[in-house]
file model.cif (mmCIF, C-alpha atoms)
data_input
#
loop_
_atom_site.group_PDB
_atom_site.id
_atom_site.type_symbol
_atom_site.label_atom_id
_atom_site.label_comp_id
_atom_site.auth_asym_id
_atom_site.auth_seq_id
_atom_site.Cartn_x
_atom_site.Cartn_y
_atom_site.Cartn_z
ATOM 1 C CA MET A 1 0.000 0.000 0.000
ATOM 2 C CA TRP A 2 1.160 3.516 -0.847
ATOM 3 C CA ALA A 3 0.418 7.117 0.075
ATOM 4 C CA ILE A 4 1.074 10.247 -2.004
ATOM 5 C CA TYR A 5 1.407 13.855 -0.786
ATOM 6 C CA ASN A 6 1.185 16.780 -3.227
ATOM 7 C CA SER A 7 2.751 19.775 -1.446
ATOM 8 C CA PHE A 8 1.734 22.177 -4.226
ATOM 9 C CA LYS A 9 -1.976 21.367 -4.153
ATOM 10 C CA GLY A 10 -1.992 20.364 -0.465
ATOM 11 C CA TRP A 11 -3.677 16.958 -0.810
ATOM 12 C CA THR A 12 -2.732 13.495 0.438
ATOM 13 C CA LEU A 13 -4.055 10.124 -0.739
ATOM 14 C CA TYR A 14 -3.658 6.978 1.396
ATOM 15 C CA GLY A 15 -4.045 3.241 0.820
ATOM 16 C CA LEU A 16 -3.316 3.229 -2.920
ATOM 17 C CA ASN A 17 -2.202 0.149 -4.837
ATOM 18 C CA GLU A 18 0.496 0.372 -7.521
ATOM 19 C CA ARG A 19 -1.950 0.861 -10.414
ATOM 20 C CA GLU A 20 -3.789 3.655 -8.575
ATOM 21 C CA VAL A 21 -0.481 5.444 -7.931
ATOM 22 C CA GLN A 22 0.363 5.120 -11.656
ATOM 23 C CA LEU A 23 -2.965 6.672 -12.651
ATOM 24 C CA VAL A 24 -2.613 9.582 -10.228
ATOM 25 C CA LEU A 25 0.966 10.323 -11.310
ATOM 26 C CA ASN A 26 -0.108 10.270 -14.991
ATOM 27 C CA THR A 27 -2.322 13.299 -14.286
ATOM 28 C CA LEU A 28 0.575 15.435 -12.965
ATOM 29 C CA SER A 29 2.920 17.703 -14.904
ATOM 30 C CA PRO A 30 6.697 17.072 -14.759
ATOM 31 C CA ASN A 31 7.067 20.086 -12.448
ATOM 32 C CA GLU A 32 4.334 18.829 -10.110
ATOM 33 C CA LEU A 33 6.088 15.443 -9.931
ATOM 34 C CA LYS A 34 9.108 17.243 -8.436
ATOM 35 C CA LEU A 35 6.930 18.270 -5.466
ATOM 36 C CA ILE A 36 5.377 14.846 -4.801
ATOM 37 C CA SER A 37 6.293 12.867 -1.693
ATOM 38 C CA ILE A 38 5.565 9.150 -1.532
ATOM 39 C CA CYS A 39 5.408 6.609 1.292
ATOM 40 C CA ASN A 40 5.263 2.824 1.277
ATOM 41 C CA LEU A 41 3.284 1.353 4.201
ATOM 42 C CA THR A 42 5.963 -1.296 4.855
ATOM 43 C CA GLU A 43 8.816 1.262 5.093
ATOM 44 C CA LYS A 44 6.725 3.971 6.806
ATOM 45 C CA LYS A 45 9.046 6.719 5.553
ATOM 46 C CA TRP A 46 8.091 9.708 3.372
ATOM 47 C CA GLU A 47 10.490 10.651 0.558
ATOM 48 C CA LEU A 48 10.450 12.825 -2.532
ATOM 49 C CA PHE A 49 9.292 11.020 -5.652
ATOM 50 C CA SER A 50 12.209 9.876 -7.832
ATOM 51 C CA SER A 51 11.703 8.727 -11.418
ATOM 52 C CA VAL A 52 14.665 6.363 -10.930
ATOM 53 C CA LYS A 53 13.730 4.850 -7.560
ATOM 54 C CA HIS A 54 9.983 4.796 -8.279
ATOM 55 C CA ALA A 55 10.173 3.851 -11.981
ATOM 56 C CA GLN A 56 7.360 1.295 -11.609
ATOM 57 C CA PHE A 57 4.896 4.200 -11.238
ATOM 58 C CA LEU A 58 5.828 5.851 -14.540
ATOM 59 C CA ALA A 59 4.014 3.237 -16.651
ATOM 60 C CA THR A 60 1.746 4.393 -19.469
ATOM 61 C CA THR A 61 -1.311 3.142 -17.575
ATOM 62 C CA GLY A 62 -4.446 4.686 -19.031
ATOM 63 C CA GLN A 63 -2.659 6.362 -21.946
ATOM 64 C CA ALA A 64 -3.148 3.656 -24.615
ATOM 65 C CA LYS A 65 -6.223 4.269 -26.773
ATOM 66 C CA ASN A 66 -6.745 0.554 -27.557
ATOM 67 C CA HIS A 67 -10.232 0.112 -29.099
ATOM 68 C CA PHE A 68 -11.725 3.414 -27.911
ATOM 69 C CA PRO A 69 -12.955 5.802 -30.639
ATOM 70 C CA ASP A 70 -11.405 9.230 -31.209
ATOM 71 C CA VAL A 71 -12.704 11.993 -28.967
ATOM 72 C CA GLN A 72 -15.202 14.096 -30.913
ATOM 73 C CA ILE A 73 -17.035 16.880 -29.161
ATOM 74 C CA GLU A 74 -19.980 18.186 -31.104
ATOM 75 C CA ALA A 75 -21.732 21.445 -30.347
ATOM 76 C CA SER A 76 -25.222 20.914 -28.987
ATOM 77 C CA ALA A 77 -28.145 22.323 -30.979
ATOM 78 C CA ASP A 78 -29.385 23.959 -27.765
ATOM 79 C CA VAL A 79 -26.278 26.125 -27.435
ATOM 80 C CA GLN A 80 -26.740 29.754 -28.472
ATOM 81 C CA SER A 81 -24.194 30.902 -31.044
ATOM 82 C CA ASP A 82 -24.595 34.595 -30.159
ATOM 83 C CA TYR A 83 -22.037 35.958 -27.749
ATOM 84 C CA PHE A 84 -20.789 39.277 -26.484
ATOM 85 C CA ILE A 85 -17.681 40.480 -24.719
ATOM 86 C CA ILE A 86 -17.734 42.332 -21.429
ATOM 87 C CA LYS A 87 -14.697 44.451 -20.674
ATOM 88 C CA PRO A 88 -14.402 44.822 -16.924
ATOM 89 C CA GLN A 89 -13.153 48.097 -15.534
ATOM 90 C CA LYS A 90 -9.560 47.857 -14.454
ATOM 91 C CA LYS A 91 -9.105 48.419 -10.759
ATOM 92 C CA ILE A 92 -5.742 49.080 -9.228
ATOM 93 C CA LEU A 93 -5.636 47.139 -6.008
ATOM 94 C CA PRO A 94 -3.133 47.769 -3.224
ATOM 95 C CA ARG A 95 -0.162 45.422 -3.138
ATOM 96 C CA LEU A 96 -0.618 42.430 -0.859
ATOM 97 C CA HIS A 97 3.099 41.890 -0.261
ATOM 98 C CA GLU A 98 6.022 44.259 0.182
ATOM 99 C CA ARG A 99 8.629 43.825 -2.555
ATOM 100 C CA VAL A 100 12.292 43.248 -1.766
ATOM 101 C CA GLU A 101 14.474 44.916 -4.390
ATOM 102 C CA ILE A 102 17.537 42.702 -4.692
ATOM 103 C CA GLU A 103 19.485 40.952 -7.436
ATOM 104 C CA ILE A 104 19.512 37.192 -6.756
ATOM 105 C CA ASP A 105 20.197 34.217 -9.057
ATOM 106 C CA VAL A 106 17.049 32.453 -10.290
ATOM 107 C CA MET A 107 16.503 29.467 -12.575
ATOM 108 C CA ILE A 108 13.547 27.912 -14.389
ATOM 109 C CA GLU A 109 13.907 24.345 -15.634
ATOM 110 C CA GLY A 110 11.447 22.661 -17.999
ATOM 111 C CA ASN A 111 11.038 21.063 -21.424
ATOM 112 C CA ASN A 112 14.665 19.835 -21.125
ATOM 113 C CA LYS A 113 15.805 23.487 -21.089
ATOM 114 C CA ILE A 114 17.183 25.801 -18.413
ATOM 115 C CA PHE A 115 16.668 29.560 -18.129
ATOM 116 C CA ASN A 116 19.024 31.417 -15.767
ATOM 117 C CA SER A 117 18.477 35.022 -14.791
ATOM 118 C CA LYS A 118 18.540 37.408 -11.839
ATOM 119 C CA THR A 119 15.738 39.078 -9.929
ATOM 120 C CA VAL A 120 14.880 42.778 -9.988
ATOM 121 C CA ASP A 121 12.565 42.300 -7.004
ATOM 122 C CA LEU A 122 10.607 39.553 -5.297
ATOM 123 C CA SER A 123 7.835 39.072 -2.747
ATOM 124 C CA GLU A 124 5.544 36.370 -1.372
ATOM 125 C CA GLY A 125 3.263 36.966 -4.361
ATOM 126 C CA GLY A 126 5.689 37.118 -7.273
ATOM 127 C CA ILE A 127 9.117 37.586 -8.830
ATOM 128 C CA TYR A 128 10.315 40.140 -11.392
ATOM 129 C CA PHE A 129 13.058 38.728 -13.665
ATOM 130 C CA LYS A 130 15.821 40.946 -15.048
ATOM 131 C CA ASP A 131 15.840 39.057 -18.366
ATOM 132 C CA LEU A 132 12.961 38.290 -20.711
ATOM 133 C CA ILE A 133 11.379 34.922 -19.871
ATOM 134 C CA PRO A 134 11.605 32.604 -22.922
ATOM 135 C CA ASP A 135 8.499 31.406 -24.803
ATOM 136 C CA TRP A 136 8.993 27.752 -23.806
ATOM 137 C CA VAL A 137 8.125 28.671 -20.192
ATOM 138 C CA SER A 138 4.389 28.115 -19.694
ATOM 139 C CA GLY A 139 1.837 26.600 -17.329
ATOM 140 C CA TYR A 140 3.082 25.849 -13.833
ATOM 141 C CA PHE A 141 6.841 25.606 -13.314
ATOM 142 C CA ILE A 142 9.411 25.534 -10.532
ATOM 143 C CA VAL A 143 11.565 28.601 -9.896
ATOM 144 C CA VAL A 144 14.799 27.938 -8.000
ATOM 145 C CA ILE A 145 16.103 30.953 -6.072
ATOM 146 C CA SER A 146 19.785 30.706 -5.061
ATOM 147 C CA HIS A 147 21.375 33.032 -2.517
ATOM 148 C CA LEU A 148 24.362 32.498 -0.189
ATOM 149 C CA ASN A 149 24.372 28.687 -0.532
ATOM 150 C CA GLN A 150 20.592 28.519 0.034
ATOM 151 C CA ASN A 151 18.170 27.211 -2.597
ATOM 152 C CA HIS A 152 14.431 27.794 -2.442
ATOM 153 C CA GLN A 153 12.040 26.066 -4.866
ATOM 154 C CA ILE A 154 8.569 27.479 -5.401
ATOM 155 C CA MET A 155 5.794 26.743 -7.879
ATOM 156 C CA CYS A 156 5.011 29.695 -10.172
ATOM 157 C CA ALA A 157 3.067 30.688 -13.287
ATOM 158 C CA LEU A 158 3.473 33.591 -15.708
ATOM 159 C CA VAL A 159 1.573 36.761 -14.834
ATOM 160 C CA GLU A 160 -1.216 37.102 -17.401
ATOM 161 C CA ASP A 161 -1.651 40.070 -19.745
ATOM 162 C CA GLN A 162 1.948 41.270 -19.719
ATOM 163 C CA LYS A 163 3.282 42.430 -23.072
ATOM 164 C CA ILE A 164 6.904 41.696 -22.179
ATOM 165 C CA LYS A 165 7.340 38.576 -20.046
ATOM 166 C CA HIS A 166 9.380 39.480 -16.966
ATOM 167 C CA ARG A 167 6.992 38.671 -14.096
ATOM 168 C CA VAL A 168 5.792 35.427 -12.532
ATOM 169 C CA GLN A 169 3.295 34.916 -9.736
ATOM 170 C CA VAL A 170 3.918 32.510 -6.891
ATOM 171 C CA MET A 171 1.377 29.664 -6.949
ATOM 172 C CA SER A 172 2.664 27.726 -3.917
ATOM 173 C CA GLU A 173 0.253 27.486 -1.017
ATOM 174 C CA GLU A 174 0.712 28.156 2.698
ATOM 175 C CA SER A 175 0.698 24.399 3.382
ATOM 176 C CA ASP A 176 3.793 23.903 1.178
ATOM 177 C CA SER A 177 6.989 23.592 3.241
ATOM 178 C CA HIS A 178 9.018 25.013 0.312
ATOM 179 C CA TYR A 179 6.856 28.143 0.333
ATOM 180 C CA LEU A 180 7.179 28.545 4.104
ATOM 181 C CA GLY A 181 10.980 28.388 3.727
ATOM 182 C CA TYR A 182 10.791 30.992 0.949
ATOM 183 C CA LYS A 183 8.701 33.335 3.164
ATOM 184 C CA LYS A 184 11.239 32.980 5.989
ATOM 185 C CA PHE A 185 14.016 33.781 3.485
ATOM 186 C CA LEU A 186 12.151 36.968 2.407
ATOM 187 C CA ASP A 187 11.776 38.027 6.064
ATOM 188 C CA GLN A 188 15.549 37.654 6.486
ATOM 189 C CA LEU A 189 16.182 39.765 3.365
ATOM 190 C CA ARG A 190 13.847 42.506 4.652
ATOM 191 C CA LYS A 191 15.714 42.628 7.979
ATOM 192 C CA ILE A 192 19.035 42.984 6.153
ATOM 193 C CA LYS A 193 17.651 45.725 3.867
ATOM 194 C CA ASN A 194 16.205 47.769 6.790
#
call {"tool": "encode", "arguments": {"input": "model.cif", "output": "structure tokens"}}
result
Amino acid sequence: MWAIYNSFKGWTLYGLNEREVQLVLNTLSPNELKLISICNLTEKKWELFSSVKHAQFLATTGQAKNHFPDVQIEASADVQSDYFIIKPQKKILPRLHERVEIEIDVMIEGNNKIFNSKTVDLSEGGIYFKDLIPDWVSGYFIVVISHLNQNHQIMCALVEDQKIKHRVQVMSEESDSHYLGYKKFLDQLRKIKN
């Protein structure tokens, strides 16, 4: 029997057999897999998921089409084809988190590529990159922040509606131990800056 903990989404599943673990892991992105912890009931020890150590869970379970027909979604006759666009008024809301203006090494890894840059500023809610974020960065991804032999990994996504891609928003939740470490790191930076 197995248990899985997703620190990004904050859920835990217990009592899973091997096939159930395979199916759950097939629904996760490569970046989410980096934040998964797994526990075997016989060992009773939580550890980060490793594609090498836990290779039996990376089967293609549920991915083979076999004899199923192609997915075809047809529009229902009941659906209205008329539509209109509502443009909401833009409201400038006060910042939720105080920015720390500091240049720190940051890295995004994904799609077998690595993007290295430095920060302009960062906060609990987001990070501003000095360099333009490449087009291959999309969806959810891990940002690694390196400063004075400390590494902090947090889940992020691009800020929407920016013409030039320099900003990401932090998607990690309060229940994520990586995020709590990142917040503590920001508190330390604020004390140094003041």
call {"tool": "atom_distance", "arguments": {"input": "model.cif", "atom1": "CA of Gly181 (chain A)", "atom2": "CA of Asp135 (chain A)"}}
result
28.8 Å
call {"tool": "atom_distance", "arguments": {"input": "model.cif", "atom1": "CA of Asn66 (chain A)", "atom2": "CA of Arg19 (chain A)"}}
result
17.8 Å
call {"tool": "resolve_selection", "arguments": {"input": "model.cif", "expression": "the PyMOL selection byres ((chain A and resi 182-185) around 8)", "output": "tab-separated table (two decimals) with C-alpha atoms, in the frame of the given file"}}
result
chain	number	residue	atom	x	y	z
A	124	GLU	CA	5.54	36.37	-1.37
A	152	HIS	CA	14.43	27.79	-2.44
A	153	GLN	CA	12.04	26.07	-4.87
A	154	ILE	CA	8.57	27.48	-5.40
A	178	HIS	CA	9.02	25.01	0.31
A	179	TYR	CA	6.86	28.14	0.33
A	180	LEU	CA	7.18	28.54	4.10
A	181	GLY	CA	10.98	28.39	3.73
A	186	LEU	CA	12.15	36.97	2.41
A	187	ASP	CA	11.78	38.03	6.06
A	188	GLN	CA	15.55	37.65	6.49
A	189	LEU	CA	16.18	39.76	3.36
call {"tool": "closest_residue", "arguments": {"input": "model.cif", "among": "A:Leu148, A:Leu48, A:Leu41, A:Ile104", "to": "Lys130 (chain A)", "atoms": "all atoms listed in the file"}}
result
A:Ile104
call {"tool": "resolve_selection", "arguments": {"input": "model.cif", "expression": "the PyMOL selection byres ((chain A and resi 160-172) around 8)", "output": "PyMOL selection string"}}
result
chain A and resi 8-9+124-134+154-159+173-174+176+179
call {"tool": "residues_around", "arguments": {"input": "model.cif", "residues": "region 24-40 of chain A", "least_positions_apart": "6", "cutoff": "12 Å", "atoms": "all atoms listed in the file", "output": "PyMOL selection string"}}
result
chain A and resi 1-18+46-51+53-63+108-112+137-144+153-157+171-172+176-179
call {"tool": "atom_distance", "arguments": {"input": "model.cif", "atom1": "CA of Trp136 (chain A)", "atom2": "CA of Phe115 (chain A)"}}
result
9.7 Å
call {"tool": "axis_aligned_box", "arguments": {"input": "model.cif", "around": "region 94-107 of chain A", "padding_each_side": "4 Å", "output": "JSON"}}
result
{"center_x": 8.5, "center_y": 38.6, "center_z": -6.2, "size_x": 31.3, "size_y": 26.3, "size_z": 20.8}
call {"tool": "closest_residue", "arguments": {"input": "model.cif", "among": "A:Val52, A:Lys193, A:Asn151, A:Lys45", "to": "Ile102 (chain A)", "atoms": "only C-alpha atoms"}}
result
A:Lys193
